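Trainee: What follows is input-v5.txt; its format and atoms are compact mmCIF, C-alpha atoms and all ligand atoms.
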```
# COMPACT_ATOMS: atom_id res chain seq x y z
CA MET A 557 0.00 0.00 0.00
CA SER A 558 1.35 3.41 -0.85
CA ALA A 559 1.10 5.78 2.08
CA ARG A 560 -2.19 7.69 2.06
CA ARG A 561 -0.89 10.94 3.42
CA GLU A 562 -2.38 12.90 0.54
CA ASP A 563 -5.91 11.80 1.51
CA PHE A 564 -5.60 13.58 4.88
CA PRO A 565 -5.89 17.39 4.70
CA LEU A 566 -4.31 17.91 8.12
CA LEU A 567 -1.19 16.06 7.02
CA VAL A 568 -1.10 17.90 3.70
CA ASN A 569 -1.43 21.22 5.56
CA ASN A 570 1.42 20.28 7.93
CA PRO A 571 4.11 18.92 5.62
CA GLY A 572 6.82 18.52 8.27
CA LEU A 573 4.55 16.80 10.77
CA HIS A 574 5.17 13.17 11.76
CA TYR A 575 1.92 12.20 13.45
CA LEU A 576 2.59 9.07 15.49
CA ASP A 577 -0.27 9.25 17.97
CA SER A 578 -3.03 7.48 16.06
CA ALA A 579 -3.82 5.20 19.00
CA ALA A 580 -5.05 8.37 20.74
CA THR A 581 -6.97 9.63 17.74
CA SER A 582 -6.62 9.26 14.01
CA GLN A 583 -6.51 11.98 11.39
CA LYS A 584 -9.52 12.29 9.09
CA PRO A 585 -9.51 11.66 5.36
CA ARG A 586 -11.09 14.20 3.03
CA ALA A 587 -13.88 11.71 2.22
CA VAL A 588 -15.07 11.85 5.85
CA LEU A 589 -14.98 15.64 6.03
CA ASP A 590 -16.80 15.89 2.68
CA ALA A 591 -19.52 13.46 3.75
CA MET A 592 -20.27 15.45 6.89
CA ARG A 593 -20.29 18.73 5.04
CA ASP A 594 -22.55 17.26 2.35
CA TYR A 595 -25.04 16.14 4.99
CA TYR A 596 -25.20 19.57 6.59
CA GLU A 597 -25.43 21.31 3.21
CA ARG A 598 -28.16 19.07 1.73
CA ASP A 599 -30.09 16.95 4.22
CA ASN A 600 -29.80 18.33 7.75
CA ALA A 601 -32.96 18.16 9.89
CA ASN A 602 -33.92 16.47 13.14
CA PRO A 603 -34.52 12.83 12.17
CA HIS A 604 -37.42 10.63 13.29
CA ARG A 605 -39.54 13.72 14.02
CA GLY A 606 -40.55 15.92 11.14
CA ALA A 607 -43.44 15.01 8.84
CA TYR A 608 -41.62 16.58 5.91
CA ASP A 609 -39.31 15.24 3.26
CA LEU A 610 -36.12 16.85 4.57
CA SER A 611 -36.50 15.13 7.93
CA ALA A 612 -37.20 11.85 6.17
CA ARG A 613 -33.95 12.28 4.24
CA ALA A 614 -32.02 12.92 7.45
CA THR A 615 -33.63 9.81 8.97
CA GLU A 616 -32.69 7.76 5.95
CA ARG A 617 -29.10 8.93 5.95
CA TYR A 618 -28.78 8.18 9.67
CA HIS A 619 -30.22 4.71 9.09
CA ASP A 620 -27.94 4.07 6.10
CA ALA A 621 -24.92 5.12 8.18
CA ARG A 622 -25.84 2.57 10.83
CA VAL A 623 -26.16 -0.19 8.24
CA ARG A 624 -22.79 0.74 6.70
CA ILE A 625 -20.97 0.80 10.04
CA ALA A 626 -22.60 -2.47 11.16
CA LYS A 627 -21.34 -4.06 7.95
CA PHE A 628 -17.82 -2.83 8.64
CA ILE A 629 -17.74 -4.51 12.05
CA GLY A 630 -19.38 -7.70 10.78
CA LEU A 631 -22.71 -7.20 12.53
CA GLN A 632 -25.50 -8.42 10.31
CA ASP A 633 -28.41 -7.13 12.39
CA SER A 634 -27.77 -3.39 12.24
CA ASP A 635 -30.53 -2.71 14.81
CA CYS A 636 -28.08 -4.21 17.30
CA LEU A 637 -25.65 -1.33 16.77
CA VAL A 638 -26.35 1.41 19.30
CA PHE A 639 -24.63 4.72 18.63
CA THR A 640 -22.81 6.25 21.56
CA ARG A 641 -20.26 9.05 21.95
CA GLY A 642 -17.54 6.43 21.83
CA THR A 643 -16.09 3.42 23.62
CA THR A 644 -16.26 5.03 27.05
CA GLU A 645 -19.97 5.69 26.80
CA ALA A 646 -20.65 2.26 25.28
CA LEU A 647 -18.91 0.48 28.16
CA ASN A 648 -20.62 2.67 30.74
CA LEU A 649 -23.92 1.87 29.04
CA VAL A 650 -23.47 -1.88 29.53
CA ALA A 651 -22.01 -1.62 33.02
CA THR A 652 -24.83 0.68 34.14
CA ALA A 653 -27.85 -0.77 32.31
CA TRP A 654 -26.99 -4.47 32.42
CA GLY A 655 -24.92 -4.39 35.61
CA GLY A 656 -27.45 -2.28 37.49
CA ALA A 657 -30.18 -4.83 36.79
CA ASN A 658 -28.21 -8.06 37.07
CA VAL A 659 -25.22 -7.92 39.41
CA GLN A 660 -25.89 -9.03 43.00
CA PRO A 661 -23.86 -8.89 46.21
CA GLY A 662 -21.25 -11.64 46.17
CA ASP A 663 -21.10 -11.83 42.37
CA GLU A 664 -17.76 -11.58 40.62
CA ILE A 665 -16.77 -9.24 37.82
CA VAL A 666 -13.58 -10.14 35.98
CA VAL A 667 -11.46 -7.58 34.15
CA THR A 668 -7.84 -7.82 33.08
CA GLY A 669 -4.74 -5.94 34.12
CA LEU A 670 -4.36 -4.73 30.54
CA GLU A 671 -7.44 -2.53 30.43
CA HIS A 672 -7.84 1.12 29.57
CA HIS A 673 -9.56 2.97 32.42
CA ALA A 674 -12.73 3.04 30.26
CA ASN A 675 -13.01 -0.74 30.63
CA PHE A 676 -11.85 -0.84 34.23
CA VAL A 677 -13.39 1.95 36.26
CA PRO A 678 -17.05 1.35 35.21
CA TRP A 679 -16.72 -2.28 36.37
CA GLN A 680 -14.86 -1.30 39.52
CA GLN A 681 -17.60 1.17 40.41
CA LEU A 682 -20.35 -1.32 39.57
CA ALA A 683 -18.71 -3.88 41.87
CA ARG A 684 -18.49 -1.30 44.66
CA ALA A 685 -22.10 -0.21 44.24
CA LYS A 686 -23.41 -3.77 44.22
CA GLY A 687 -21.20 -5.42 46.81
CA ALA A 688 -19.71 -7.62 44.10
CA SER A 689 -16.00 -8.34 43.86
CA LEU A 690 -13.75 -7.12 41.07
CA ARG A 691 -11.16 -9.68 40.05
CA ILE A 692 -8.25 -8.54 37.96
CA CYS A 693 -6.62 -11.11 35.70
CA PRO A 694 -2.81 -10.87 35.81
CA VAL A 695 -0.77 -9.96 32.73
CA THR A 696 2.41 -11.74 31.73
CA THR A 697 5.73 -9.91 31.77
CA ASP A 698 5.47 -9.46 28.00
CA GLY A 699 2.09 -7.77 28.39
CA ARG A 700 -0.43 -10.47 27.51
CA ILE A 701 -3.52 -11.54 29.39
CA ASP A 702 -2.51 -14.65 31.34
CA LEU A 703 -5.11 -17.02 29.88
CA GLU A 704 -4.52 -19.90 32.27
CA GLN A 705 -4.95 -17.62 35.25
CA LEU A 706 -8.01 -16.06 33.65
CA LYS A 707 -9.67 -19.43 33.18
CA GLY A 708 -8.80 -20.34 36.77
CA MET A 709 -10.56 -17.18 38.00
CA LEU A 710 -13.88 -17.94 36.38
CA GLY A 711 -16.58 -19.71 38.31
CA GLU A 712 -20.28 -19.88 39.02
CA ARG A 713 -20.32 -16.40 40.61
CA THR A 714 -18.68 -14.77 37.58
CA ARG A 715 -21.26 -12.58 35.87
CA VAL A 716 -19.12 -10.78 33.31
CA VAL A 717 -15.65 -10.87 31.79
CA ALA A 718 -14.62 -7.48 30.41
CA PHE A 719 -11.45 -7.36 28.32
CA SER A 720 -9.89 -5.50 25.44
CA HIS A 721 -9.47 -6.66 21.87
CA VAL A 722 -6.21 -4.75 21.57
CA SER A 723 -4.29 -2.94 24.31
CA ASN A 724 -3.86 0.79 23.69
CA ALA A 725 -0.78 0.95 25.91
CA LEU A 726 1.20 -1.95 24.41
CA GLY A 727 -0.66 -2.99 21.26
CA THR A 728 -1.19 -6.58 22.50
CA ILE A 729 -3.81 -8.37 20.38
CA ASN A 730 -5.87 -10.61 22.65
CA PRO A 731 -7.49 -13.96 21.78
CA VAL A 732 -11.06 -12.65 21.84
CA THR A 733 -12.86 -15.84 20.83
CA GLU A 734 -11.03 -17.96 23.37
CA ILE A 735 -11.79 -15.53 26.19
CA ALA A 736 -15.45 -15.25 25.12
CA ARG A 737 -15.73 -19.05 25.11
CA ALA A 738 -14.24 -19.30 28.60
CA ALA A 739 -16.68 -16.64 29.88
CA HIS A 740 -19.66 -18.40 28.34
CA ALA A 741 -18.56 -21.76 29.76
CA VAL A 742 -19.34 -20.40 33.24
CA GLY A 743 -22.45 -18.53 32.12
CA ALA A 744 -20.82 -15.07 32.22
CA LEU A 745 -21.14 -12.31 29.63
CA ALA A 746 -18.17 -11.53 27.41
CA ILE A 747 -17.81 -7.77 26.88
CA CYS A 748 -14.99 -6.52 24.70
CA ASP A 749 -13.42 -3.08 24.41
CA GLY A 750 -12.74 -2.78 20.69
CA ALA A 751 -11.45 0.81 20.67
CA GLN A 752 -8.09 -0.37 19.28
CA GLY A 753 -9.52 -3.32 17.36
CA THR A 754 -11.82 -1.73 14.77
CA PRO A 755 -9.25 0.78 13.48
CA HIS A 756 -6.50 -1.75 12.87
CA LEU A 757 -7.85 -5.27 12.34
CA PRO A 758 -10.62 -6.85 10.31
CA VAL A 759 -13.46 -7.34 12.82
CA SER A 760 -16.47 -9.61 12.55
CA PHE A 761 -18.68 -9.18 15.59
CA ASP A 762 -20.90 -12.06 14.54
CA ALA A 763 -17.92 -14.44 14.36
CA LEU A 764 -16.23 -13.38 17.61
CA GLY A 765 -18.84 -14.94 19.90
CA LEU A 766 -19.12 -11.88 22.14
CA ASP A 767 -22.11 -10.41 23.93
CA ALA A 768 -21.01 -6.84 23.30
CA TYR A 769 -18.24 -4.91 21.57
CA ALA A 770 -17.53 -1.20 22.08
CA PHE A 771 -15.67 1.10 19.67
CA SER A 772 -14.86 4.74 18.89
CA GLY A 773 -15.17 6.40 15.49
CA HIS A 774 -12.39 8.92 16.03
CA LYS A 775 -9.70 6.23 16.18
CA MET A 776 -10.73 4.77 12.83
CA CYS A 777 -10.64 7.84 10.56
CA GLY A 778 -14.08 9.00 11.71
CA PRO A 779 -15.09 12.10 13.66
CA MET A 780 -14.91 12.55 17.42
CA GLY A 781 -18.20 12.19 19.29
CA ILE A 782 -19.49 9.02 17.66
CA GLY A 783 -18.89 5.35 18.36
CA GLY A 784 -20.98 2.39 19.19
CA LEU A 785 -21.97 -0.63 21.10
CA ALA A 786 -22.55 -3.74 19.01
CA ALA A 787 -24.35 -6.38 21.02
CA THR A 788 -26.48 -9.46 20.69
CA ARG A 789 -30.21 -8.86 20.39
CA ALA A 790 -30.72 -11.01 23.47
CA LEU A 791 -28.52 -8.75 25.59
CA LEU A 792 -29.97 -5.49 24.26
CA GLU A 793 -33.55 -6.67 24.68
CA SER A 794 -32.90 -7.85 28.21
CA MET A 795 -31.28 -4.58 29.35
CA PRO A 796 -33.28 -1.64 30.68
CA PRO A 797 -32.64 1.72 28.97
CA TYR A 798 -29.54 3.67 29.88
CA GLN A 799 -30.95 7.17 29.47
CA PHE A 800 -34.50 8.46 29.18
CA GLY A 801 -36.02 11.11 26.94
CA GLY A 802 -37.17 11.68 23.39
CA ASP A 803 -36.96 8.97 20.72
CA MET A 804 -36.32 6.09 23.13
CA ILE A 805 -39.95 5.78 24.26
CA GLU A 806 -42.96 4.06 22.76
CA ILE A 807 -45.81 5.30 24.99
CA VAL A 808 -45.41 7.71 27.88
CA GLY A 809 -48.13 7.42 30.50
CA ASP A 810 -48.41 9.56 33.63
CA GLU A 811 -47.13 6.76 35.81
CA ARG A 812 -45.05 4.60 33.50
CA SER A 813 -43.66 4.36 30.00
CA THR A 814 -42.77 1.73 27.46
CA TRP A 815 -39.70 1.66 25.27
CA ASN A 816 -39.06 1.98 21.59
CA ALA A 817 -37.61 -0.88 19.53
CA LEU A 818 -33.86 -1.41 19.09
CA PRO A 819 -31.67 0.49 18.60
CA HIS A 820 -33.75 3.56 19.59
CA LYS A 821 -34.38 2.27 23.11
CA PHE A 822 -30.75 3.14 23.87
CA GLU A 823 -30.54 6.41 21.94
CA ALA A 824 -32.34 9.06 23.96
CA GLY A 825 -32.47 12.55 22.49
CA THR A 826 -31.47 14.04 19.14
CA PRO A 827 -28.95 11.71 17.54
CA ASN A 828 -25.52 12.63 16.24
CA VAL A 829 -26.43 12.23 12.57
CA ALA A 830 -23.54 14.04 10.90
CA ASP A 831 -20.92 12.16 12.88
CA ALA A 832 -22.62 8.84 12.11
CA ILE A 833 -22.46 9.77 8.42
CA GLY A 834 -18.80 10.71 8.84
CA LEU A 835 -18.07 7.38 10.49
CA ALA A 836 -19.86 5.51 7.72
CA ALA A 837 -17.63 7.35 5.23
CA ALA A 838 -14.61 6.31 7.30
CA CYS A 839 -15.72 2.66 7.06
CA GLU A 840 -16.07 3.07 3.30
CA TYR A 841 -12.60 4.60 3.16
CA LEU A 842 -10.98 1.84 5.22
CA ASP A 843 -12.79 -0.89 3.28
CA GLY A 844 -11.55 0.76 0.09
CA ILE A 845 -7.99 0.11 1.29
CA GLY A 846 -8.90 -3.25 2.81
CA MET A 847 -8.40 -3.96 6.50
CA ALA A 848 -5.95 -6.77 5.72
CA GLN A 849 -3.86 -4.19 3.84
CA VAL A 850 -4.12 -1.73 6.73
CA ARG A 851 -2.75 -4.43 9.01
CA THR A 852 0.08 -5.33 6.63
CA HIS A 853 1.09 -1.69 6.25
CA GLU A 854 1.15 -1.05 10.00
CA LEU A 855 3.03 -4.24 10.73
CA ALA A 856 5.76 -3.39 8.22
CA LEU A 857 6.26 0.07 9.75
CA LEU A 858 6.10 -1.30 13.29
CA GLY A 859 8.80 -3.88 12.54
CA ARG A 860 11.07 -1.24 11.01
CA ALA A 861 10.49 1.23 13.82
CA GLN A 862 11.16 -1.38 16.47
CA ASP A 863 14.41 -2.50 14.81
CA ALA A 864 15.53 1.12 14.50
CA LEU A 865 14.80 1.95 18.13
CA LEU A 866 16.32 -1.24 19.52
CA ALA A 867 19.52 -0.34 17.69
CA ILE A 868 19.78 2.65 20.09
CA ASP A 869 21.48 1.72 23.33
CA GLY A 870 19.17 2.09 26.35
CA VAL A 871 15.84 1.57 24.53
CA THR A 872 13.43 -0.98 26.03
CA VAL A 873 10.30 -2.00 24.12
CA TYR A 874 7.26 -3.25 26.05
CA GLY A 875 4.71 -5.83 25.01
CA PRO A 876 4.77 -9.05 23.00
CA GLY A 877 6.54 -9.54 19.65
CA VAL A 878 5.52 -7.30 16.76
CA ASN A 879 3.32 -9.93 15.10
CA ASP A 880 1.13 -10.05 18.19
CA ARG A 881 0.73 -6.28 18.39
CA SER A 882 -1.23 -3.63 16.52
CA GLY A 883 0.79 -0.68 15.23
CA VAL A 884 1.85 0.37 18.72
CA LEU A 885 5.43 0.79 19.90
CA SER A 886 5.61 1.42 23.64
CA PHE A 887 9.14 2.09 24.83
CA THR A 888 11.46 3.83 27.25
CA LEU A 889 14.93 5.31 26.82
CA GLU A 890 17.16 4.81 29.82
CA GLY A 891 17.89 8.04 31.70
CA VAL A 892 15.25 10.09 29.83
CA HIS A 893 11.75 10.51 31.17
CA PRO A 894 9.12 9.73 28.50
CA HIS A 895 7.69 13.25 28.86
CA ASP A 896 11.12 14.78 28.12
CA LEU A 897 11.49 12.39 25.21
CA ALA A 898 8.10 13.46 23.83
CA THR A 899 9.08 17.13 24.17
CA ILE A 900 12.34 16.64 22.29
CA LEU A 901 10.54 14.67 19.58
CA ASP A 902 7.91 17.39 19.32
CA GLN A 903 10.64 19.93 18.59
CA GLN A 904 11.39 17.81 15.53
CA GLY A 905 7.78 17.60 14.44
CA VAL A 906 7.25 14.07 15.79
CA CYS A 907 4.04 13.60 17.80
CA ILE A 908 4.09 10.72 20.25
CA ARG A 909 2.24 10.05 23.49
CA ALA A 910 3.99 9.79 26.86
CA GLY A 911 2.49 8.76 30.16
CA HIS A 912 0.40 5.97 31.62
CA HIS A 913 -1.91 5.80 28.57
CA CYS A 914 -5.05 5.66 30.76
CA ALA A 915 -3.88 2.24 31.94
CA GLN A 916 -2.54 2.81 35.45
CA PRO A 917 -3.27 -0.77 36.62
CA LEU A 918 -1.13 -2.05 33.74
CA MET A 919 1.73 0.35 34.39
CA ARG A 920 1.78 -0.77 38.03
CA ARG A 921 2.02 -4.38 36.89
CA LEU A 922 4.83 -3.59 34.46
CA ALA A 923 6.48 -1.52 37.21
CA VAL A 924 7.03 1.45 34.90
CA PRO A 925 5.49 4.82 35.75
CA ALA A 926 5.23 5.82 32.11
CA THR A 927 6.26 4.86 28.60
CA ALA A 928 6.63 6.71 25.34
CA ARG A 929 4.23 5.42 22.69
CA ALA A 930 4.46 5.77 18.94
CA SER A 931 1.51 4.43 16.99
CA PHE A 932 1.05 3.98 13.26
CA TYR A 933 -1.87 4.09 10.88
CA VAL A 934 -2.79 4.06 7.21
CA TYR A 935 -1.10 7.40 6.50
CA SER A 936 2.14 6.65 8.38
CA THR A 937 5.26 6.50 6.24
CA GLU A 938 8.87 5.35 6.26
CA GLU A 939 9.78 9.03 6.76
CA ASP A 940 7.77 9.03 9.99
CA VAL A 941 9.71 6.01 11.20
CA ALA A 942 13.03 7.62 10.28
CA ALA A 943 12.06 10.86 12.05
CA LEU A 944 11.10 8.88 15.17
CA ALA A 945 14.40 7.02 15.26
CA ALA A 946 16.39 10.21 14.61
CA GLY A 947 14.47 12.01 17.36
CA VAL A 948 15.13 9.28 19.93
CA ALA A 949 18.82 9.23 18.99
CA ARG A 950 18.90 13.03 19.40
CA ALA A 951 17.27 12.79 22.85
CA LYS A 952 19.91 10.30 23.90
CA GLU A 953 22.64 12.64 22.69
CA ILE A 954 21.16 15.65 24.54
CA PHE A 955 20.76 13.73 27.80
CA SER A 956 24.22 12.13 27.62
CA ASN A 957 25.64 15.67 27.91
CA PHE A 958 24.08 16.17 31.35
N1 LIG B 1 -10.31 1.66 25.36
C1 LIG B 1 -9.17 1.73 24.69
C2 LIG B 1 -8.35 0.49 24.51
C3 LIG B 1 -8.74 2.95 24.18
O1 LIG B 1 -7.60 3.04 23.51
C4 LIG B 1 -9.54 4.10 24.37
C5 LIG B 1 -9.11 5.45 23.86
N2 LIG B 1 -7.84 5.83 24.25
C6 LIG B 1 -10.74 3.96 25.06
C7 LIG B 1 -11.10 2.73 25.53
C8 LIG B 1 -11.65 5.12 25.28
O2 LIG B 1 -12.13 5.59 24.06
P1 LIG B 1 -12.91 6.96 23.95
O3 LIG B 1 -12.08 7.97 24.69
O4 LIG B 1 -12.97 7.23 22.48
O5 LIG B 1 -14.25 6.76 24.56
```
Translate this file's structure into structure tokens.
Ligand code: PMP
Mentor:
Amino acid sequence: MSARREDFPLLVNNPGLHYLDSAATSQKPRAVLDAMRDYYERDNANPHRGAYDLSARATERYHDARVRIAKFIGLQDSDCLVFTRGTTEALNLVATAWGGANVQPGDEIVVTGLEHHANFVPWQQLARAKGASLRICPVTTDGRIDLEQLKGMLGERTRVVAFSHVSNALGTINPVTEIARAAHAVGALAICDGAQGTPHLPVSFDALGLDAYAFSGHKMCGPMGIGGLAATRALLESMPPYQFGGDMIEIVGDERSTWNALPHKFEAGTPNVADAIGLAAACEYLDGIGMAQVRTHELALLGRAQDALLAIDGVTVYGPGVNDRSGVLSFTLEGVHPHDLATILDQQGVCIRAGHHCAQPLMRRLAVPATARASFYVYSTEEDVAALAAGVARAKEIFSNF
């Protein structure tokens, strides 16, 4: 795949920029920006409400966006895709709506030590509120979920296993199907945080055997403010609503109300139509490249970047081998704090992330307070890799003079 930099106006407008923070958020291709603008310029109205043609067009475009995005994540029944603001809201939705109705004192909730706070804190708080216990599956020293220990933790009190498809901090790709099977074997739900899965790997929700899968549009070339929860019909129908208001009701009596059909039951209020349309355009864009190609491109850059950094004395890379990671390179340089490293790289136009990556439980387990993280995507190039390696070498040089 030739690098797609020219499809991304921000990268075109910033020629010297080496954007290596796509695990935090991706840049947006022109096709996504155009689709959103087109919606606002031609079809914008409040959907589901107006008795006029313009509103019907907005409704249709919102519906079509849902169908397109569901197809991208391999979910055949698009009514089982609930739009949310992103992964965080999707996971809070399940923890609150399902957990509030189903978790009892003495139950067990299993998460892993690899999780982003978005897939950790909602479960921790649910456990606290319900008198359930939160069990945290250990990670191996190379940053994988310890599967044997996970299986040993599951039992008849386990109600849910919440785990990530791909770690944002290390890039570790987890065996989703195997974990889902183990959860189901004890009658627990399998809930997966797919924030780093959908942007980088081909995903088929229907084939993964999960109960629910959460994702964010902004990490996969789409706009900020839209994402989703894909779930089985059985789970969505069994859960009470998460929020109340317009659109999500069927009949509102003085004393009680009934709920609209899926997916509307979980989408209270005016929906985020333009961002859904933008995300559908992002799915179209990524499918146009081919997710297998996206993966191949990232893996090639990751391998080169890792070799280049490991050639610098004092660099440590965290996580499993490159083939078991998404395009994430989490590393430290001896004697240089990751924040200083990020500042020096920034002076050379290289954007990386430094810190705990919203995964403090993981950083405690790895016994590192912070790492530097470079992450690659469809528009990343060999030049970006070279600039990263040169920047790290420069940081080493600067700090060796102290
Ligand atoms: N989980 C993972 C693995 C993530 O990388 C992120 C984003 N950093 C989230 C959850 C939260 O996503 P969002 O902020 O888009 O809701």
Trainee: Give me the residues of chain A that have any atom at most 9 Å from an atom of ligand LIG 1 (chain B); for each, the nearest atom pair and the distance in Å, rounded to one decimal. Use all atoms listed in the file, sort by chain and number, and format it as JSON lines.
Mentor:
```
{"residue": "A:Ala579", "atom": "CA", "partner": "B:LIG1", "partner_atom": "O1", "distance": 6.3}
{"residue": "A:Ala580", "atom": "CA", "partner": "B:LIG1", "partner_atom": "N2", "distance": 5.2}
{"residue": "A:Thr581", "atom": "CA", "partner": "B:LIG1", "partner_atom": "N2", "distance": 7.6}
{"residue": "A:Arg641", "atom": "CA", "partner": "B:LIG1", "partner_atom": "O5", "distance": 6.9}
{"residue": "A:Gly642", "atom": "CA", "partner": "B:LIG1", "partner_atom": "O5", "distance": 4.3}
{"residue": "A:Thr643", "atom": "CA", "partner": "B:LIG1", "partner_atom": "O5", "distance": 3.9}
{"residue": "A:Thr644", "atom": "CA", "partner": "B:LIG1", "partner_atom": "O5", "distance": 3.6}
{"residue": "A:Glu645", "atom": "CA", "partner": "B:LIG1", "partner_atom": "O5", "distance": 6.2}
{"residue": "A:Ala646", "atom": "CA", "partner": "B:LIG1", "partner_atom": "O5", "distance": 7.9}
{"residue": "A:Leu647", "atom": "CA", "partner": "B:LIG1", "partner_atom": "C7", "distance": 8.5}
{"residue": "A:Leu670", "atom": "CA", "partner": "B:LIG1", "partner_atom": "C2", "distance": 8.9}
{"residue": "A:Glu671", "atom": "CA", "partner": "B:LIG1", "partner_atom": "C2", "distance": 6.7}
{"residue": "A:His672", "atom": "CA", "partner": "B:LIG1", "partner_atom": "N1", "distance": 4.9}
{"residue": "A:His673", "atom": "CA", "partner": "B:LIG1", "partner_atom": "C7", "distance": 7.1}
{"residue": "A:Ala674", "atom": "CA", "partner": "B:LIG1", "partner_atom": "C7", "distance": 5.0}
{"residue": "A:Asn675", "atom": "CA", "partner": "B:LIG1", "partner_atom": "N1", "distance": 6.4}
{"residue": "A:Ser720", "atom": "CA", "partner": "B:LIG1", "partner_atom": "C2", "distance": 6.3}
{"residue": "A:His721", "atom": "CA", "partner": "B:LIG1", "partner_atom": "C2", "distance": 7.7}
{"residue": "A:Val722", "atom": "CA", "partner": "B:LIG1", "partner_atom": "C2", "distance": 6.4}
{"residue": "A:Ser723", "atom": "CA", "partner": "B:LIG1", "partner_atom": "C2", "distance": 5.3}
{"residue": "A:Asn724", "atom": "CA", "partner": "B:LIG1", "partner_atom": "O1", "distance": 4.4}
{"residue": "A:Ala725", "atom": "CA", "partner": "B:LIG1", "partner_atom": "O1", "distance": 7.5}
{"residue": "A:Asp749", "atom": "CA", "partner": "B:LIG1", "partner_atom": "N1", "distance": 5.7}
{"residue": "A:Gly750", "atom": "CA", "partner": "B:LIG1", "partner_atom": "C2", "distance": 6.7}
{"residue": "A:Ala751", "atom": "CA", "partner": "B:LIG1", "partner_atom": "C1", "distance": 4.7}
{"residue": "A:Gln752", "atom": "CA", "partner": "B:LIG1", "partner_atom": "C2", "distance": 5.3}
{"residue": "A:Gly753", "atom": "CA", "partner": "B:LIG1", "partner_atom": "C2", "distance": 8.2}
{"residue": "A:Ala770", "atom": "CA", "partner": "B:LIG1", "partner_atom": "C7", "distance": 8.3}
{"residue": "A:Phe771", "atom": "CA", "partner": "B:LIG1", "partner_atom": "O2", "distance": 7.2}
{"residue": "A:Ser772", "atom": "CA", "partner": "B:LIG1", "partner_atom": "O4", "distance": 4.8}
{"residue": "A:Gly773", "atom": "CA", "partner": "B:LIG1", "partner_atom": "O4", "distance": 7.4}
{"residue": "A:His774", "atom": "CA", "partner": "B:LIG1", "partner_atom": "O4", "distance": 6.7}
{"residue": "A:Lys775", "atom": "CA", "partner": "B:LIG1", "partner_atom": "O4", "distance": 7.2}
{"residue": "A:Met780", "atom": "CA", "partner": "B:LIG1", "partner_atom": "O4", "distance": 7.6}
{"residue": "A:Gly781", "atom": "CA", "partner": "B:LIG1", "partner_atom": "O4", "distance": 7.9}
{"residue": "A:Ile782", "atom": "CA", "partner": "B:LIG1", "partner_atom": "O4", "distance": 8.3}
{"residue": "A:Gly783", "atom": "CA", "partner": "B:LIG1", "partner_atom": "O4", "distance": 7.5}
{"residue": "A:His913", "atom": "CA", "partner": "B:LIG1", "partner_atom": "N2", "distance": 7.3}
{"residue": "A:Cys914", "atom": "CA", "partner": "B:LIG1", "partner_atom": "N2", "distance": 7.1}
{"residue": "A:Ala915", "atom": "CA", "partner": "B:LIG1", "partner_atom": "C2", "distance": 8.8}
```
Trainee: I'd like the interatomic distance between CA of Ala942 in chain A and CA of Gly911 in chain A, to a tenth of an Å.
Mentor: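 Spanning CA of Ala942 in chain A to CA of Gly911 in chain A is a straight-line distance of 22.5 Å.
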Trainee: Would you compute the distance between CA of Gly711 in chain A and CA of Ala790 in chain A? Give it in Å to one decimal.
Mentor: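 Going from CA of Gly711 in chain A over to CA of Ala790 in chain A, I get 22.3 Å.
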Trainee: With a distance cut-off of 10 Å and all atoms listed in the file, select the neighbouring residues of Leu576 in chain A, excluding the residue or stretch itself and same-chain residues fewer than 4 positions from it, and output the selection as a PyMOL selection string.
Mentor: chain A and resi 580-582+883-885+906-909+929-933+935-937+940-941+944
Trainee: At a cut-off of 12 Å, using all atoms listed in the file, what residues contact Val650 in chain A? Leave out same-chain residues fewer than 3 positions from it and give the result as a ChimeraX atom specification.
Mentor: /A:638,640,643-647,653-659,674-675,678-679,682,716,718,745-749,767-770,784-787,791-792,794-799,822
Trainee: With only C-alpha atoms as the basis for distance, which of A:Gly809, A:Gly606, A:Gly846, A:Pro585 is at the shortest distance from Gly834 in chain A?
Mentor: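 Closest residue, counting only C-alpha atoms: A:Pro585.
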Trainee: Please define a box with edges along x, y and z of the file around all atoms of range 729-738 of chain A given in the file, extend it by 8 Å on each side, and return its centre and edge lengths in Å to one decimal, as lines of an AutoDock Vina configuration file.
Mentor:
```
center_x = -9.8
center_y = -13.8
center_z = 24.5
size_x = 27.9
size_y = 26.9
size_z = 24.2
```
Trainee: Which is closer to Ile665 in chain A than all the others in A:Asp609, A:Asp863, A:Glu823, A:Glu712, using all atoms listed in the file?
Mentor: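 Checking each candidate against Ile665 in chain A, we get A:Glu712 as the closest.
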Trainee: Separation of CA of Cys839 in chain A and CA of Arg624 in chain A, in Å?
Mentor: 7.3 Å
Trainee: For Lys821 in chain A, please output as a PyMOL selection string all residues within 7 Å (counting only C-alpha atoms; exclusion window: fewer than 4 positions along the same chain).
Mentor: chain A and resi 797+804-805+815-817
